[in-house]
$ cat coords-v6.txt   # compact mmCIF, C-alpha atoms
# COMPACT_ATOMS: atom_id res chain seq x y z
CA MET V 1 243.89 1.67 -165.47
CA PRO V 2 245.35 5.09 -166.40
CA TYR V 3 244.28 6.76 -163.16
CA ASP V 4 246.30 4.44 -160.92
CA ALA V 5 249.35 6.64 -161.00
CA ALA V 6 247.44 9.44 -159.34
CA ARG V 7 245.66 7.32 -156.78
CA VAL V 8 246.03 7.89 -153.05
CA ASN V 9 243.92 6.54 -150.24
CA THR V 10 242.11 9.59 -148.98
CA LEU V 11 238.57 10.85 -149.26
CA ASP V 12 237.83 13.57 -151.74
CA ALA V 13 236.59 16.63 -149.89
CA SER V 14 233.64 17.33 -152.15
CA THR V 15 232.27 13.88 -152.97
CA GLY V 16 233.48 11.86 -150.02
CA GLY V 17 234.59 9.32 -152.60
CA PRO V 18 237.86 7.41 -152.80
CA MET V 19 239.15 9.20 -155.88
CA GLY V 20 241.58 10.84 -153.54
CA GLU V 21 243.76 13.76 -154.24
CA VAL V 22 245.94 13.86 -157.30
CA ALA V 23 249.47 12.88 -156.40
CA GLN V 24 251.94 15.68 -156.05
CA GLY V 25 253.63 16.28 -159.37
CA ALA V 26 250.85 14.68 -161.43
CA GLY V 27 250.56 15.83 -165.02
CA ARG V 28 247.77 17.76 -166.65
CA GLY V 29 246.19 14.53 -167.91
CA ASP V 30 245.94 13.18 -164.36
CA LEU V 31 244.39 16.41 -163.15
CA THR V 32 241.82 16.30 -165.93
CA ARG V 33 240.95 12.67 -165.22
CA ALA V 34 240.52 13.53 -161.54
CA ARG V 35 238.12 16.36 -162.44
CA LEU V 36 236.12 14.06 -164.69
CA LEU V 37 235.90 11.35 -162.04
CA ASP V 38 234.77 13.84 -159.42
CA ALA V 39 232.20 15.24 -161.84
CA ALA V 40 230.98 11.72 -162.68
CA VAL V 41 230.47 10.93 -159.00
CA HIS V 42 228.36 14.05 -158.57
CA ALA V 43 226.37 13.38 -161.73
CA PHE V 44 225.77 9.68 -161.05
CA GLY V 45 224.84 10.51 -157.48
CA ALA V 46 222.28 13.08 -158.58
CA LYS V 47 220.71 11.33 -161.58
CA GLY V 48 221.84 7.71 -161.42
CA PHE V 49 224.02 6.06 -164.05
CA HIS V 50 221.32 5.63 -166.68
CA GLY V 51 219.93 9.11 -166.13
CA THR V 52 223.34 10.74 -166.61
CA THR V 53 224.77 11.69 -170.00
CA THR V 54 228.39 12.37 -170.91
CA ARG V 55 227.24 15.95 -171.50
CA ASP V 56 226.17 16.13 -167.83
CA ILE V 57 229.58 14.89 -166.71
CA ALA V 58 231.43 17.28 -168.99
CA ALA V 59 229.33 20.22 -167.80
CA ALA V 60 229.99 19.36 -164.14
CA ALA V 61 233.73 19.22 -164.90
CA GLY V 62 233.61 22.49 -166.85
CA MET V 63 234.67 20.80 -170.08
CA SER V 64 233.28 20.08 -173.51
CA PRO V 65 231.58 16.69 -174.09
CA ALA V 66 234.39 15.75 -176.48
CA ALA V 67 236.91 16.11 -173.64
CA VAL V 68 235.35 13.15 -171.82
CA TYR V 69 236.25 10.82 -174.65
CA VAL V 70 239.85 11.98 -174.71
CA HIS V 71 240.35 10.36 -171.30
CA HIS V 72 237.59 7.75 -171.07
CA ARG V 73 236.10 5.66 -173.85
CA SER V 74 232.61 5.64 -172.39
CA LYS V 75 230.38 6.57 -169.49
CA GLU V 76 230.59 2.94 -168.36
CA GLU V 77 234.37 3.16 -168.19
CA LEU V 78 234.04 6.10 -165.81
CA LEU V 79 231.72 4.05 -163.62
CA HIS V 80 234.20 1.17 -163.72
CA VAL V 81 237.08 3.36 -162.57
CA ILE V 82 234.98 4.84 -159.76
CA SER V 83 233.83 1.40 -158.65
CA ARG V 84 237.25 -0.18 -158.81
CA GLU V 85 238.93 2.66 -156.93
CA GLY V 86 236.18 2.59 -154.33
CA HIS V 87 236.41 -1.14 -153.72
CA ARG V 88 240.20 -1.11 -153.63
CA THR V 89 240.16 1.69 -151.08
CA THR V 90 237.62 -0.19 -148.96
CA LEU V 91 239.69 -3.39 -149.10
CA GLU V 92 242.80 -1.54 -147.94
CA LEU V 93 240.84 0.21 -145.18
CA ILE V 94 239.52 -3.11 -143.84
CA ARG V 95 242.93 -4.77 -144.00
CA SER V 96 244.46 -1.89 -142.09
CA ALA V 97 241.70 -1.74 -139.47
CA GLY V 98 241.80 -5.48 -138.85
CA ALA V 99 245.56 -5.88 -138.78
CA THR V 100 246.21 -5.98 -135.03
CA GLY V 101 244.53 -6.77 -131.74
CA SER V 102 242.14 -9.43 -130.54
CA PRO V 103 239.33 -10.57 -132.85
CA THR V 104 236.94 -8.38 -130.86
CA GLU V 105 239.16 -5.33 -131.26
CA ARG V 106 239.77 -6.06 -134.93
CA LEU V 107 236.10 -6.49 -135.81
CA ALA V 108 235.15 -3.35 -133.90
CA ALA V 109 237.84 -1.39 -135.74
CA ILE V 110 236.71 -2.74 -139.10
CA ALA V 111 233.05 -1.91 -138.48
CA ARG V 112 233.93 1.54 -137.11
CA ASP V 113 236.17 2.51 -140.04
CA PHE V 114 233.86 0.91 -142.60
CA GLY V 115 230.84 2.76 -141.23
CA ARG V 116 232.61 6.10 -140.96
CA HIS V 117 234.01 5.66 -144.48
CA HIS V 118 230.54 5.04 -145.93
CA ALA V 119 229.06 8.00 -144.08
CA GLN V 120 231.80 10.35 -145.24
CA GLY V 121 231.49 9.07 -148.79
CA HIS V 122 227.78 8.31 -148.95
CA THR V 123 227.41 9.63 -152.51
CA TRP V 124 230.32 7.54 -153.73
CA ALA V 125 229.16 4.53 -151.72
CA ARG V 126 225.68 4.66 -153.20
CA ILE V 127 227.16 4.56 -156.70
CA VAL V 128 229.66 1.76 -156.24
CA ASN V 129 227.26 -0.47 -154.31
CA TYR V 130 224.01 0.10 -156.18
CA GLU V 131 225.11 0.61 -159.79
CA LEU V 132 226.93 -2.72 -160.18
CA GLU V 133 224.46 -3.99 -162.76
CA SER V 134 225.33 -1.04 -164.99
CA LEU V 135 228.88 -2.35 -165.44
CA SER V 136 229.86 -4.55 -168.36
CA PRO V 137 230.10 -8.29 -167.57
CA GLU V 138 233.91 -8.14 -167.62
CA HIS V 139 234.06 -5.16 -165.30
CA ARG V 140 231.36 -6.56 -163.04
CA GLU V 141 233.42 -9.74 -162.62
CA GLU V 142 236.47 -7.70 -161.62
CA ILE V 143 234.47 -5.85 -158.97
CA ARG V 144 232.99 -9.15 -157.79
CA ASP V 145 236.52 -10.41 -157.09
CA LEU V 146 237.25 -7.31 -155.00
CA ARG V 147 234.01 -7.76 -153.05
CA ILE V 148 234.91 -11.40 -152.37
CA ALA V 149 238.30 -10.24 -151.05
CA ILE V 150 236.57 -7.74 -148.74
CA GLU V 151 234.22 -10.43 -147.45
CA HIS V 152 237.16 -12.77 -146.90
CA GLU V 153 238.96 -10.24 -144.69
CA VAL V 154 235.92 -9.78 -142.45
CA ARG V 155 235.07 -13.49 -142.33
CA THR V 156 238.65 -14.32 -141.33
CA VAL V 157 238.35 -12.04 -138.29
CA ILE V 158 234.97 -13.52 -137.35
CA GLU V 159 236.31 -17.07 -137.67
CA ALA V 160 239.27 -16.11 -135.47
CA GLY V 161 236.83 -14.85 -132.85
CA MET V 162 234.90 -18.11 -133.05
CA ALA V 163 238.11 -20.09 -132.57
CA SER V 164 239.16 -18.00 -129.57
CA GLY V 165 235.72 -18.26 -127.97
CA GLU V 166 235.11 -14.50 -128.17
CA PHE V 167 232.26 -14.84 -130.69
CA ASP V 168 229.23 -17.09 -130.68
CA VAL V 169 228.30 -17.43 -134.35
CA ALA V 170 226.41 -20.23 -136.07
CA ASP V 171 227.28 -19.21 -139.64
CA PRO V 172 230.37 -16.99 -140.18
CA SER V 173 229.40 -16.23 -143.78
CA MET V 174 225.98 -14.97 -142.71
CA ALA V 175 227.55 -12.90 -139.93
CA THR V 176 230.02 -11.42 -142.41
CA THR V 177 227.21 -10.39 -144.73
CA ALA V 178 225.31 -8.82 -141.85
CA VAL V 179 228.32 -6.81 -140.65
CA LEU V 180 229.11 -5.50 -144.13
CA SER V 181 225.47 -4.71 -144.83
CA LEU V 182 225.46 -2.38 -141.82
CA GLY V 183 228.01 -0.18 -143.54
CA ILE V 184 226.81 -0.51 -147.12
CA ASP V 185 223.26 0.53 -146.27
CA ILE V 186 224.48 3.79 -144.73
CA ALA V 187 224.62 5.23 -148.25
CA ARG V 188 220.84 4.90 -148.48
CA TRP V 189 220.00 7.05 -145.48
CA TYR V 190 222.99 9.17 -144.40
CA ARG V 191 222.72 12.94 -144.89
CA ASP V 192 225.42 15.52 -144.28
CA ASP V 193 222.92 17.76 -142.49
CA GLY V 194 221.54 14.96 -140.32
CA ARG V 195 221.86 14.50 -136.58
CA TRP V 196 224.85 12.10 -136.69
CA SER V 197 228.43 12.73 -137.73
CA PRO V 198 230.47 10.08 -139.57
CA ASP V 199 232.27 9.38 -136.28
CA ASP V 200 228.94 8.83 -134.53
CA VAL V 201 227.91 6.38 -137.24
CA GLY V 202 231.22 4.53 -137.12
CA ASP V 203 231.11 4.13 -133.35
CA HIS V 204 227.56 2.78 -133.46
CA MET V 205 228.41 0.36 -136.27
CA ALA V 206 231.20 -1.06 -134.08
CA VAL V 207 228.71 -1.73 -131.28
CA LEU V 208 226.20 -3.34 -133.63
CA ALA V 209 228.85 -5.52 -135.29
CA LEU V 210 229.91 -6.96 -131.94
CA ARG V 211 226.29 -7.66 -131.09
CA ILE V 212 225.87 -9.57 -134.34
CA VAL V 213 228.67 -11.96 -133.35
CA ALA V 214 227.59 -12.06 -129.68
CA ALA V 215 230.97 -10.80 -128.54
$ encode --input "coords-v6.txt" --output "structure tokens"
Amino acid sequence: MPYDAARVNTLDASTGGPMGEVAQGAGRGDLTRARLLDAAVHAFGAKGFHGTTTRDIAAAAGMSPAAVYVHHRSKEELLHVISREGHRTTLELIRSAGATGSPTERLAAIARDFGRHHAQGHTWARIVNYELESLSPEHREEIRDLRIAIEHEVRTVIEAGMASGEFDVADPSMATTAVLSLGIDIARWYRDDGRWSPDDVGDHMAVLALRIVAA
């Protein structure tokens, strides 16, 4: 993927998405791709994938429609890049949050960071989680593998808690799905002008996740 060279694991200030900031020293092409990705997130978030045209994306980026095709072969390719970057960032976030501590501490950290991440990036999160069917079969399979890896990380922590006696869970796969669904669904209802901050959401998700596993 051509954008990998400019990828860093931070949230973009305007979209909340995982496009990140362009790496220091990136070339003009990287800067342009970053603008197009940011514009695509805004456009997809406002109109949905099927309701968005390449002209919409170009206009949001302040470019001509032809400029989109210089860097991306299609609108679907833009969605693929956004989705892949988003899932990779989420996988790294979960691995980092669950790296140390007891199973209880690890699961709480995962749920907290996952929830805060989805609140901060609710526009991005809505796109990468609810536009999967708009991807090509090949790209959808790639994202599926990343989602399986995310589920594996969370399930491993839950199974560790079951083994240590910290969690009382009948079905670790079901519990994993429930914990992840808490965060994913935030994109449906979170609003920047609402009563809760991303930190508030993250803290509450940690409490709910531990209740799911009867910690």
$ closest_atom_pairs --input "coords-v6.txt" --of "region 78-168 of chain V" --to "region 175-188 of chain V" --cutoff "9 Å" --atoms "all atoms listed in the file" --output "JSON lines"
{"residue": "V:Ala111", "atom": "CA", "partner": "V:Val179", "partner_atom": "CA", "distance": 7.1}
{"residue": "V:Arg112", "atom": "CA", "partner": "V:Gly183", "partner_atom": "CA", "distance": 8.9}
{"residue": "V:Phe114", "atom": "CA", "partner": "V:Gly183", "partner_atom": "CA", "distance": 6.0}
{"residue": "V:Gly115", "atom": "CA", "partner": "V:Gly183", "partner_atom": "CA", "distance": 4.7}
{"residue": "V:Arg116", "atom": "CA", "partner": "V:Gly183", "partner_atom": "CA", "distance": 8.2}
{"residue": "V:His117", "atom": "CA", "partner": "V:Gly183", "partner_atom": "CA", "distance": 8.4}
{"residue": "V:His118", "atom": "CA", "partner": "V:Gly183", "partner_atom": "CA", "distance": 6.3}
{"residue": "V:Ala119", "atom": "CA", "partner": "V:Ile186", "partner_atom": "CA", "distance": 6.3}
{"residue": "V:Gly121", "atom": "CA", "partner": "V:Ala187", "partner_atom": "CA", "distance": 7.9}
{"residue": "V:His122", "atom": "CA", "partner": "V:Ala187", "partner_atom": "CA", "distance": 4.5}
{"residue": "V:Thr123", "atom": "CA", "partner": "V:Ala187", "partner_atom": "CA", "distance": 6.7}
{"residue": "V:Trp124", "atom": "CA", "partner": "V:Ala187", "partner_atom": "CA", "distance": 8.2}
{"residue": "V:Ala125", "atom": "CA", "partner": "V:Ala187", "partner_atom": "CA", "distance": 5.8}
{"residue": "V:Arg126", "atom": "CA", "partner": "V:Ala187", "partner_atom": "CA", "distance": 5.1}
{"residue": "V:Ile127", "atom": "CA", "partner": "V:Ala187", "partner_atom": "CA", "distance": 8.8}
{"residue": "V:Asn129", "atom": "CA", "partner": "V:Ile184", "partner_atom": "CA", "distance": 7.2}
{"residue": "V:Glu151", "atom": "CA", "partner": "V:Thr176", "partner_atom": "CA", "distance": 6.6}
{"residue": "V:His152", "atom": "CA", "partner": "V:Thr176", "partner_atom": "CA", "distance": 8.5}
{"residue": "V:Val154", "atom": "CA", "partner": "V:Thr176", "partner_atom": "CA", "distance": 6.1}
{"residue": "V:Arg155", "atom": "CA", "partner": "V:Thr176", "partner_atom": "CA", "distance": 5.5}
{"residue": "V:Ile158", "atom": "CA", "partner": "V:Thr176", "partner_atom": "CA", "distance": 7.4}
$ atom_distance --input "coords-v6.txt" --atom1 "CA of Ala149 (chain V)" --atom2 "CA of Leu91 (chain V)"
7.3 Å
$ atom_distance --input "coords-v6.txt" --atom1 "CA of Glu85 (chain V)" --atom2 "CA of Ala97 (chain V)"
18.2 Å
$ closest_residue --input "coords-v6.txt" --among "V:Ala58, V:Val201, V:Ala40, V:Val169" --to "Asp113 (chain V)" --atoms "only C-alpha atoms"
V:Val201
$ atom_distance --input "coords-v6.txt" --atom1 "CA of Leu107 (chain V)" --atom2 "CA of Ala160 (chain V)"
10.1 Å
$ residues_around --input "coords-v6.txt" --residues "Gly161 (chain V)" --least-positions-apart "6" --cutoff "9 Å" --atoms "all atoms listed in the file" --output "PDB file with C-alpha atoms, keeping the file's coordinate frame"
ATOM      1  CA  SER V 102     242.140  -9.430-130.540  1.00  0.00           C
ATOM      2  CA  PRO V 103     239.330 -10.570-132.850  1.00  0.00           C
ATOM      3  CA  THR V 104     236.940  -8.380-130.860  1.00  0.00           C
ATOM      4  CA  LEU V 107     236.100  -6.490-135.810  1.00  0.00           C
ATOM      5  CA  PHE V 167     232.260 -14.840-130.690  1.00  0.00           C
ATOM      6  CA  ASP V 168     229.230 -17.090-130.680  1.00  0.00           C
ATOM      7  CA  VAL V 213     228.670 -11.960-133.350  1.00  0.00           C
ATOM      8  CA  ALA V 215     230.970 -10.800-128.540  1.00  0.00           C
TER       9      ALA V 215
END
$ closest_residue --input "coords-v6.txt" --among "V:Ser173, V:Gln120, V:Thr100, V:Ser134" --to "Glu76 (chain V)" --atoms "only C-alpha atoms"
V:Ser134
$ decode --input "coords-v6.txt" --residues "region 74-123 of chain V" --atoms "N, CA and C atoms" --output "mmCIF file, in the first residue's frame"
data_model
loop_
_atom_site.group_PDB
_atom_site.id
_atom_site.type_symbol
_atom_site.label_atom_id
_atom_site.label_comp_id
_atom_site.auth_asym_id
_atom_site.auth_seq_id
_atom_site.Cartn_x
_atom_site.Cartn_y
_atom_site.Cartn_z
ATOM 1 N N SER V 74 -9.445 3.972 -7.599
ATOM 2 C CA SER V 74 -10.897 3.998 -7.498
ATOM 3 C C SER V 74 -11.318 4.494 -6.124
ATOM 4 N N LYS V 75 -12.599 4.782 -6.020
ATOM 5 C CA LYS V 75 -13.190 5.145 -4.728
ATOM 6 C C LYS V 75 -13.081 3.977 -3.754
ATOM 7 N N GLU V 76 -13.245 2.758 -4.262
ATOM 8 C CA GLU V 76 -13.147 1.572 -3.418
ATOM 9 C C GLU V 76 -11.748 1.406 -2.853
ATOM 10 N N GLU V 77 -10.737 1.768 -3.635
ATOM 11 C CA GLU V 77 -9.370 1.671 -3.125
ATOM 12 C C GLU V 77 -9.154 2.618 -1.953
ATOM 13 N N LEU V 78 -9.751 3.805 -2.032
ATOM 14 C CA LEU V 78 -9.671 4.733 -0.903
ATOM 15 C C LEU V 78 -10.312 4.130 0.346
ATOM 16 N N LEU V 79 -11.475 3.531 0.172
ATOM 17 C CA LEU V 79 -12.132 2.879 1.301
ATOM 18 C C LEU V 79 -11.276 1.758 1.862
ATOM 19 N N HIS V 80 -10.640 1.007 0.992
ATOM 20 C CA HIS V 80 -9.763 -0.086 1.431
ATOM 21 C C HIS V 80 -8.613 0.435 2.276
ATOM 22 N N VAL V 81 -7.968 1.494 1.815
ATOM 23 C CA VAL V 81 -6.843 2.062 2.569
ATOM 24 C C VAL V 81 -7.312 2.557 3.935
ATOM 25 N N ILE V 82 -8.437 3.260 3.962
ATOM 26 C CA ILE V 82 -8.978 3.756 5.225
ATOM 27 C C ILE V 82 -9.284 2.597 6.167
ATOM 28 N N SER V 83 -9.916 1.568 5.637
ATOM 29 C CA SER V 83 -10.291 0.419 6.466
ATOM 30 C C SER V 83 -9.076 -0.333 6.962
ATOM 31 N N ARG V 84 -8.108 -0.536 6.091
ATOM 32 C CA ARG V 84 -6.919 -1.284 6.507
ATOM 33 C C ARG V 84 -6.129 -0.512 7.557
ATOM 34 N N GLU V 85 -5.935 0.783 7.321
ATOM 35 C CA GLU V 85 -5.211 1.586 8.304
ATOM 36 C C GLU V 85 -5.949 1.596 9.643
ATOM 37 N N GLY V 86 -7.264 1.705 9.574
ATOM 38 C CA GLY V 86 -8.047 1.737 10.805
ATOM 39 C C GLY V 86 -7.942 0.443 11.584
ATOM 40 N N HIS V 87 -8.049 -0.680 10.913
ATOM 41 C CA HIS V 87 -7.971 -1.961 11.606
ATOM 42 C C HIS V 87 -6.558 -2.250 12.108
ATOM 43 N N ARG V 88 -5.559 -1.862 11.349
ATOM 44 C CA ARG V 88 -4.180 -2.052 11.825
ATOM 45 C C ARG V 88 -3.922 -1.212 13.083
ATOM 46 N N THR V 89 -4.390 0.015 13.066
ATOM 47 C CA THR V 89 -4.211 0.878 14.231
ATOM 48 C C THR V 89 -4.920 0.290 15.450
ATOM 49 N N THR V 90 -6.131 -0.214 15.249
ATOM 50 C CA THR V 90 -6.883 -0.814 16.350
ATOM 51 C C THR V 90 -6.176 -2.051 16.887
ATOM 52 N N LEU V 91 -5.648 -2.879 16.010
ATOM 53 C CA LEU V 91 -4.927 -4.077 16.441
ATOM 54 C C LEU V 91 -3.712 -3.706 17.290
ATOM 55 N N GLU V 92 -2.965 -2.716 16.856
ATOM 56 C CA GLU V 92 -1.796 -2.283 17.619
ATOM 57 C C GLU V 92 -2.200 -1.686 18.968
ATOM 58 N N LEU V 93 -3.282 -0.925 18.970
ATOM 59 C CA LEU V 93 -3.779 -0.334 20.216
ATOM 60 C C LEU V 93 -4.146 -1.422 21.221
ATOM 61 N N ILE V 94 -4.843 -2.455 20.776
ATOM 62 C CA ILE V 94 -5.260 -3.530 21.669
ATOM 63 C C ILE V 94 -4.060 -4.318 22.167
ATOM 64 N N ARG V 95 -3.113 -4.588 21.287
ATOM 65 C CA ARG V 95 -1.912 -5.311 21.712
ATOM 66 C C ARG V 95 -1.144 -4.522 22.772
ATOM 67 N N SER V 96 -1.058 -3.231 22.578
ATOM 68 C CA SER V 96 -0.341 -2.394 23.537
ATOM 69 C C SER V 96 -1.083 -2.322 24.867
ATOM 70 N N ALA V 97 -2.396 -2.136 24.813
ATOM 71 C CA ALA V 97 -3.184 -2.017 26.043
ATOM 72 C C ALA V 97 -3.196 -3.306 26.836
ATOM 73 N N GLY V 98 -3.159 -4.440 26.164
ATOM 74 C CA GLY V 98 -3.234 -5.719 26.848
ATOM 75 C C GLY V 98 -1.904 -6.395 27.079
ATOM 76 N N ALA V 99 -0.830 -5.633 27.027
ATOM 77 C CA ALA V 99 0.502 -6.239 27.077
ATOM 78 C C ALA V 99 0.936 -6.650 28.477
ATOM 79 N N THR V 100 0.520 -5.915 29.498
ATOM 80 C CA THR V 100 1.022 -6.178 30.844
ATOM 81 C C THR V 100 -0.109 -6.139 31.863
ATOM 82 N N GLY V 101 0.165 -6.751 33.017
ATOM 83 C CA GLY V 101 -0.795 -6.740 34.111
ATOM 84 C C GLY V 101 -1.555 -8.039 34.221
ATOM 85 N N SER V 102 -2.457 -8.095 35.176
ATOM 86 C CA SER V 102 -3.309 -9.261 35.351
ATOM 87 C C SER V 102 -4.347 -9.279 34.231
ATOM 88 N N PRO V 103 -5.013 -10.401 34.017
ATOM 89 C CA PRO V 103 -6.079 -10.418 33.002
ATOM 90 C C PRO V 103 -7.133 -9.342 33.235
ATOM 91 N N THR V 104 -7.480 -9.095 34.497
ATOM 92 C CA THR V 104 -8.462 -8.054 34.796
ATOM 93 C C THR V 104 -7.948 -6.689 34.370
ATOM 94 N N GLU V 105 -6.716 -6.393 34.699
ATOM 95 C CA GLU V 105 -6.125 -5.103 34.330
ATOM 96 C C GLU V 105 -5.980 -4.976 32.820
ATOM 97 N N ARG V 106 -5.607 -6.064 32.172
ATOM 98 C CA ARG V 106 -5.414 -6.038 30.721
ATOM 99 C C ARG V 106 -6.739 -5.832 29.987
ATOM 100 N N LEU V 107 -7.781 -6.532 30.411
ATOM 101 C CA LEU V 107 -9.068 -6.384 29.738
ATOM 102 C C LEU V 107 -9.643 -4.992 29.965
ATOM 103 N N ALA V 108 -9.492 -4.475 31.180
ATOM 104 C CA ALA V 108 -9.973 -3.122 31.455
ATOM 105 C C ALA V 108 -9.243 -2.102 30.586
ATOM 106 N N ALA V 109 -7.933 -2.274 30.433
ATOM 107 C CA ALA V 109 -7.148 -1.346 29.616
ATOM 108 C C ALA V 109 -7.556 -1.430 28.151
ATOM 109 N N ILE V 110 -7.779 -2.652 27.667
ATOM 110 C CA ILE V 110 -8.210 -2.830 26.286
ATOM 111 C C ILE V 110 -9.551 -2.146 26.046
ATOM 112 N N ALA V 111 -10.527 -2.423 26.906
ATOM 113 C CA ALA V 111 -11.857 -1.842 26.731
ATOM 114 C C ALA V 111 -11.818 -0.328 26.846
ATOM 115 N N ARG V 112 -11.013 0.184 27.775
ATOM 116 C CA ARG V 112 -10.910 1.637 27.964
ATOM 117 C C ARG V 112 -10.323 2.301 26.715
ATOM 118 N N ASP V 113 -9.189 1.774 26.232
ATOM 119 C CA ASP V 113 -8.541 2.384 25.074
ATOM 120 C C ASP V 113 -9.372 2.191 23.802
ATOM 121 N N PHE V 114 -9.985 1.028 23.673
ATOM 122 C CA PHE V 114 -10.819 0.733 22.509
ATOM 123 C C PHE V 114 -12.030 1.669 22.472
ATOM 124 N N GLY V 115 -12.664 1.866 23.619
ATOM 125 C CA GLY V 115 -13.813 2.754 23.688
ATOM 126 C C GLY V 115 -13.444 4.206 23.428
ATOM 127 N N ARG V 116 -12.366 4.660 24.057
ATOM 128 C CA ARG V 116 -11.931 6.040 23.849
ATOM 129 C C ARG V 116 -11.554 6.277 22.384
ATOM 130 N N HIS V 117 -10.857 5.314 21.805
ATOM 131 C CA HIS V 117 -10.438 5.380 20.408
ATOM 132 C C HIS V 117 -11.640 5.513 19.468
ATOM 133 N N HIS V 118 -12.694 4.750 19.724
ATOM 134 C CA HIS V 118 -13.871 4.795 18.867
ATOM 135 C C HIS V 118 -14.706 6.053 19.096
ATOM 136 N N ALA V 119 -14.629 6.621 20.289
ATOM 137 C CA ALA V 119 -15.313 7.894 20.516
ATOM 138 C C ALA V 119 -14.554 9.038 19.835
ATOM 139 N N GLN V 120 -13.250 9.055 19.982
ATOM 140 C CA GLN V 120 -12.450 10.096 19.341
ATOM 141 C C GLN V 120 -12.591 10.034 17.819
ATOM 142 N N GLY V 121 -12.633 8.828 17.294
ATOM 143 C CA GLY V 121 -12.687 8.644 15.847
ATOM 144 C C GLY V 121 -14.010 8.087 15.381
ATOM 145 N N HIS V 122 -15.111 8.612 15.887
ATOM 146 C CA HIS V 122 -16.411 7.999 15.595
ATOM 147 C C HIS V 122 -16.774 8.063 14.111
ATOM 148 N N THR V 123 -16.342 9.109 13.401
ATOM 149 C CA THR V 123 -16.616 9.158 11.967
ATOM 150 C C THR V 123 -15.854 8.057 11.250
#
